[in-house]
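Visitor: As input, take coords.txt (compact mmCIF, C-alpha atoms):
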```txt
# COMPACT_ATOMS: atom_id res chain seq x y z
CA MET K 1 142.81 108.99 91.47
CA ASN K 2 139.38 108.70 89.81
CA ARG K 3 138.60 105.65 87.69
CA ILE K 4 136.46 106.12 84.60
CA LEU K 5 134.78 103.46 82.49
CA VAL K 6 134.55 104.29 78.79
CA ALA K 7 131.76 102.19 77.24
CA GLU K 8 132.28 102.73 73.52
CA ASP K 9 132.37 100.23 70.64
CA GLU K 10 134.04 102.51 68.08
CA GLU K 11 137.71 101.78 68.69
CA ARG K 12 138.93 105.12 67.36
CA ILE K 13 136.63 107.13 69.63
CA ALA K 14 137.32 104.90 72.65
CA ALA K 15 141.09 105.31 72.17
CA PHE K 16 140.70 109.09 71.73
CA VAL K 17 138.67 109.48 74.92
CA GLU K 18 140.84 107.09 76.92
CA LYS K 19 144.06 108.81 75.85
CA GLY K 20 142.70 112.23 76.78
CA LEU K 21 141.44 111.10 80.18
CA ARG K 22 144.71 109.36 81.03
CA ALA K 23 146.65 112.49 80.02
CA ASN K 24 144.57 114.41 82.57
CA GLY K 25 145.32 112.04 85.44
CA PHE K 26 142.41 109.61 85.31
CA THR K 27 142.60 105.81 85.37
CA THR K 28 140.49 104.26 82.64
CA ALA K 29 139.05 101.00 81.35
CA VAL K 30 137.18 100.39 78.09
CA ALA K 31 134.13 98.19 77.48
CA ALA K 32 133.20 97.59 73.84
CA ASP K 33 129.73 96.10 74.36
CA GLY K 34 126.74 96.56 76.62
CA ASP K 35 127.09 93.35 78.60
CA THR K 36 130.70 94.11 79.52
CA ALA K 37 129.86 97.74 80.31
CA TYR K 38 127.13 96.68 82.74
CA ASP K 39 129.30 94.06 84.44
CA TYR K 40 132.21 96.49 84.85
CA ALA K 41 130.00 99.32 86.13
CA MET K 42 128.36 97.03 88.68
CA THR K 43 131.67 96.11 90.29
CA GLY K 44 131.59 99.46 92.08
CA GLY K 45 135.17 100.10 90.98
CA PHE K 46 134.46 103.19 88.87
CA ASP K 47 133.74 106.80 89.80
CA LEU K 48 132.06 107.69 86.50
CA VAL K 49 130.88 106.04 83.28
CA VAL K 50 131.04 107.56 79.79
CA LEU K 51 128.32 105.51 78.09
CA ASP K 52 127.67 105.23 74.35
CA ILE K 53 124.05 104.54 73.41
CA GLY K 54 124.79 102.48 70.28
CA LEU K 55 126.57 99.60 71.97
CA PRO K 56 126.32 96.04 70.57
CA GLY K 57 124.44 93.55 72.70
CA GLN K 58 122.30 95.52 75.13
CA ASP K 59 122.35 99.17 74.10
CA GLY K 60 123.30 102.08 76.33
CA PHE K 61 119.72 102.85 77.30
CA THR K 62 119.33 99.29 78.57
CA VAL K 63 122.63 99.41 80.44
CA LEU K 64 121.63 102.70 82.07
CA ARG K 65 118.18 101.43 83.03
CA ARG K 66 119.60 98.25 84.57
CA LEU K 67 122.21 100.23 86.52
CA ARG K 68 119.56 102.50 88.03
CA GLU K 69 117.22 99.59 88.74
CA ALA K 70 120.11 97.97 90.64
CA ARG K 71 120.53 101.27 92.55
CA ALA K 72 124.01 101.85 91.17
CA SER K 73 124.67 105.54 91.86
CA VAL K 74 127.76 105.93 89.66
CA PRO K 75 127.47 109.14 87.56
CA VAL K 76 126.82 108.46 83.87
CA ILE K 77 127.54 110.76 80.94
CA VAL K 78 125.75 109.51 77.83
CA LEU K 79 127.79 109.89 74.65
CA THR K 80 125.98 109.26 71.38
CA ALA K 81 125.48 110.16 67.74
CA ARG K 82 121.76 110.53 68.38
CA ASP K 83 120.95 114.21 68.82
CA SER K 84 117.16 114.34 68.81
CA VAL K 85 115.31 115.93 71.70
CA ARG K 86 113.49 112.63 72.23
CA ASP K 87 116.74 110.71 72.72
CA THR K 88 118.12 113.41 75.00
CA VAL K 89 115.02 113.30 77.19
CA ALA K 90 115.06 109.48 77.21
CA GLY K 91 118.66 109.44 78.38
CA LEU K 92 118.16 111.97 81.15
CA GLU K 93 114.88 110.45 82.34
CA GLY K 94 116.55 107.05 82.29
CA GLY K 95 119.03 108.20 84.91
CA ALA K 96 121.87 109.82 82.96
CA ASP K 97 123.63 112.69 84.72
CA ASP K 98 124.65 114.41 81.49
CA TYR K 99 124.33 114.00 77.73
CA MET K 100 126.73 114.76 74.86
CA THR K 101 126.40 114.19 71.13
CA LYS K 102 129.02 113.18 68.59
CA PRO K 103 131.11 114.77 67.20
CA PHE K 104 132.33 116.51 70.34
CA ARG K 105 135.34 118.43 71.62
CA PHE K 106 137.32 116.54 74.23
CA GLU K 107 137.73 119.72 76.29
CA GLU K 108 133.97 119.88 76.77
CA LEU K 109 133.75 116.22 77.75
CA LEU K 110 136.60 116.71 80.22
CA ALA K 111 134.83 119.69 81.78
CA ARG K 112 131.63 117.68 82.19
CA VAL K 113 133.51 114.72 83.68
CA ARG K 114 135.15 116.99 86.27
CA LEU K 115 131.82 118.67 87.08
CA ARG K 116 130.05 115.34 87.67
CA LEU K 117 132.89 114.04 89.83
CA ARG K 118 132.80 117.20 91.96
CA THR K 119 129.03 116.90 92.35
CA ALA K 120 129.33 113.25 93.37
CA ALA K 121 132.07 114.09 95.85
CA ARG K 122 129.74 116.50 97.66
CA ALA K 123 127.19 113.74 98.32
CA PRO K 124 126.96 112.58 101.95
CA GLU K 125 129.62 109.98 102.63
CA VAL K 126 128.42 106.53 103.68
CA THR K 127 130.61 105.20 106.48
CA VAL K 128 128.73 102.01 107.42
CA LEU K 129 127.25 99.49 105.00
CA ARG K 130 124.46 97.23 106.28
CA SER K 131 122.41 94.25 105.20
CA GLY K 132 120.12 93.00 107.92
CA GLU K 133 122.20 92.42 111.04
CA LEU K 134 125.50 92.38 109.12
CA SER K 135 127.42 95.64 108.96
CA LEU K 136 130.79 96.88 107.75
CA ASP K 137 132.43 100.04 109.10
CA LEU K 138 134.39 101.62 106.23
CA ARG K 139 136.50 103.68 108.62
CA THR K 140 137.66 100.99 111.03
CA ARG K 141 137.47 98.25 108.33
CA ARG K 142 135.74 95.94 110.81
CA ALA K 143 132.57 93.93 110.34
CA ARG K 144 129.85 93.09 112.86
CA SER K 145 128.03 89.81 112.41
CA ASP K 146 124.43 89.01 113.30
CA ASP K 147 125.50 87.52 116.64
CA GLY K 148 127.04 90.83 117.68
CA ARG K 149 130.67 89.83 117.22
CA THR K 150 133.17 92.37 115.88
CA VAL K 151 135.22 90.75 113.12
CA ASP K 152 138.65 91.85 111.94
CA LEU K 153 139.23 91.44 108.20
CA THR K 154 142.27 91.27 105.97
CA ALA K 155 142.55 93.91 103.23
CA ARG K 156 141.19 91.56 100.54
CA GLU K 157 138.39 90.26 102.78
CA PHE K 158 137.36 93.84 103.48
CA VAL K 159 137.14 94.76 99.77
CA LEU K 160 135.26 91.53 99.02
CA LEU K 161 132.70 92.07 101.78
CA GLU K 162 132.28 95.72 100.76
CA LEU K 163 131.50 94.56 97.21
CA PHE K 164 128.84 92.13 98.46
CA LEU K 165 127.28 94.71 100.78
CA ARG K 166 127.04 97.29 98.01
CA HIS K 167 125.11 94.76 95.89
CA PRO K 168 122.90 92.74 98.27
CA GLY K 169 120.81 90.10 96.55
CA GLN K 170 122.75 90.41 93.30
CA VAL K 171 124.64 87.45 91.91
CA LEU K 172 128.28 88.42 91.34
CA ALA K 173 130.21 86.30 88.86
CA ARG K 174 133.72 85.18 89.78
CA GLU K 175 135.09 87.33 86.94
CA GLN K 176 133.37 90.42 88.37
CA ILE K 177 134.77 89.71 91.82
CA LEU K 178 138.26 89.06 90.48
CA SER K 179 138.32 92.29 88.48
CA HIS K 180 137.10 94.38 91.43
CA VAL K 181 139.10 92.85 94.27
CA TRP K 182 142.25 91.78 92.45
CA GLY K 183 142.28 94.19 89.50
CA TYR K 184 142.22 93.56 85.80
CA ASP K 185 145.44 91.52 85.60
CA PHE K 186 143.88 88.40 87.10
CA ASP K 187 144.02 84.75 86.18
CA PRO K 188 140.44 83.67 85.29
CA GLY K 189 141.35 80.09 86.15
CA SER K 190 142.32 80.92 89.71
CA ASN K 191 140.27 79.64 92.67
CA ILE K 192 141.25 82.63 94.82
CA VAL K 193 137.64 83.88 94.98
CA ASP K 194 136.45 80.57 96.42
CA VAL K 195 139.26 80.68 98.99
CA TYR K 196 138.30 84.15 100.20
CA VAL K 197 134.58 83.39 100.21
CA ARG K 198 135.29 80.44 102.50
CA ALA K 199 137.31 82.76 104.75
CA LEU K 200 134.41 85.23 104.99
CA ARG K 201 131.96 82.44 105.77
CA LYS K 202 134.23 81.17 108.53
CA LYS K 203 134.46 84.61 110.12
CA LEU K 204 130.88 85.84 109.62
CA GLY K 205 128.78 82.69 109.32
CA ALA K 206 128.23 80.37 106.36
CA HIS K 207 124.75 81.75 105.64
CA TRP K 208 126.04 85.20 104.69
CA VAL K 209 127.45 84.26 101.28
CA GLU K 210 125.34 82.03 99.06
CA THR K 211 126.70 79.97 96.16
CA VAL K 212 124.64 80.24 92.97
CA ARG K 213 125.75 77.23 90.96
CA GLY K 214 127.23 78.01 87.58
CA MET K 215 126.90 81.76 88.17
CA GLY K 216 128.80 83.00 91.22
CA TYR K 217 128.06 84.23 94.73
CA ARG K 218 125.41 86.37 96.37
CA LEU K 219 124.86 88.12 99.69
CA PRO K 220 121.23 87.40 100.70
CA SER K 221 118.96 90.44 100.67
CA ALA K 222 117.96 91.69 104.10
```
As C-alpha cells - that is how I would like this structure written.
Guide:
Amino acid sequence: MNRILVAEDEERIAAFVEKGLRANGFTTAVAADGDTAYDYAMTGGFDLVVLDIGLPGQDGFTVLRRLREARASVPVIVLTARDSVRDTVAGLEGGADDYMTKPFRFEELLARVRLRLRTAARAPEVTVLRSGELSLDLRTRRARSDDGRTVDLTAREFVLLELFLRHPGQVLAREQILSHVWGYDFDPGSNIVDVYVRALRKKLGAHWVETVRGMGYRLPSA
C-alpha cells in the first residue's frame, strides 16, 4: 500500500485530499507547515508527496529544493494557487515531478498520483545500500561491516540501519527516527531509539553511528 504525504496548510483542502486518497486505498499523513513536511519526507517512509507552495515556515519551493539537495528521490506533485508560467517553471526546474493549480478536480490529482507512482515503480530497484565499507542487503536483510563480518539484524534494527544508509551524513532527530521505524503512534519521551542505536553499534562497530548532541544521530558520510 502506497503512503502519501499531503503537505498543505489549508485544513479544508488537506482533509479533502486526504479523504479522497484514503478512499482510493492509499495511506496518508498530513503536514501543515514546511518544516514538518521536510522532516516527514526525509524519513523515507513515503512513496509520493503532494506539496503546497504556500506553506508557513519554509515554503514549498524551499522544501522541494532541500529535498533534492539531500538527494531524496521521492516523487513530488506541487499543488498551489499560483498559476503563472514563471511559478510553474520554477517548480519543475526545482525538482517537482508534476504541477497542479488550485482549484482542481480530485480525479485529475488522483490520475497524476497514480501516474507518478507507476513511473517511480519502473525505476531500477536498489537491492544493496552502501556507505564506505558498510553495506545492507535489502533482500537477505543482513549487513556487512567494514571488517567483513556478516551481521544478522532484528526487524527494527534493519529498518533503522536502512534509514541511516539512505541518509548518510544527515543528522536524524529522534522524532524522525521514531516516526519512521515505530510509526506515528510513538511516545516522544521513550528512549527506545537510544537502545536500538546502542544495539547497532554493538553489532557493527561504535564508529558507525555518531551522536550529535542535542540533535540526534548520524551515519558518517563515506
Visitor: Using only C-alpha atoms, what does the table of segment 30-51 of chain K residues within 9 Å of segment 63-73 of chain K look like, with each row giving the shortest atom pair and its distance in Å to one decimal, sorted by chain and ascending number, as CSV?
Guide:
```
residue,atom,partner,partner_atom,distance
K:Gly34,CA,K:Val63,CA,6.3
K:Asp35,CA,K:Val63,CA,7.7
K:Ala37,CA,K:Val63,CA,7.4
K:Tyr38,CA,K:Val63,CA,5.7
K:Ala41,CA,K:Leu67,CA,7.9
K:Met42,CA,K:Ala72,CA,7.0
K:Gly44,CA,K:Ala72,CA,8.0
K:Leu51,CA,K:Leu64,CA,8.3
```
Visitor: Show me, as JSON, the centre and edge lengths in Å to one decimal of the axis-aligned box that covers every listed atom of segment 62-72 of chain K with 8 Å on each side.
Guide:
```
{"center_x": 120.6, "center_y": 100.3, "center_z": 85.6, "size_x": 22.8, "size_y": 20.7, "size_z": 30.0}
```
Visitor: Which polymer residues have any atom within 7 Å of an atom of Leu204 of chain K, counting all atoms listed in the file, with same-chain residues fewer than 4 positions away left out, as a ChimeraX atom specification?
Guide: /K:145,200,208
Visitor: Using C-alpha atoms, can you write the selected residues to a file as a compact mmCIF listing (two decimals), in the coordinates of the input?
Guide:
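Dumped to result15.txt:
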```
# COMPACT_ATOMS: atom_id res chain seq x y z
CA SER K 145 128.03 89.81 112.41
CA LEU K 200 134.41 85.23 104.99
CA TRP K 208 126.04 85.20 104.69
```
Visitor: With only C-alpha atoms as the basis for distance, which of K:Asp39, K:Asp47, K:Gln170, K:Trp182 is at the shortest distance from Phe26 of chain K?
Guide: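 Using only C-alpha atoms, Phe26 of chain K sits closest to K:Asp47.
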Visitor: Which residues, written as a count of residues only, have at least one atom at most 8 Å from Leu138 of chain K, with only C-alpha atoms counted and residues fewer than 6 positions away on the same chain left out?
Guide: 3
Visitor: Residues at most 12 Å from Leu5 of chain K, counting only C-alpha atoms, excluding those fewer than 6 positions away in the same chain, as a VMD selection string?
Guide: chain K and resid 14 17 to 18 21 to 22 26 to 32 36 to 52 74 to 78 113
Visitor: What separation in Å, quoted to one decimal, exists between atom CA of Ala120 of chain K and atom CA of Arg12 of chain K?
Guide: 28.9 Å
Visitor: Which residue gives the smallest distance to Ala23 of chain K among K:Tyr99, K:Met215, K:Phe106, K:Arg156, with all atoms listed in the file counted?
Guide: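 Under the stated criterion, the closest residue is K:Phe106.
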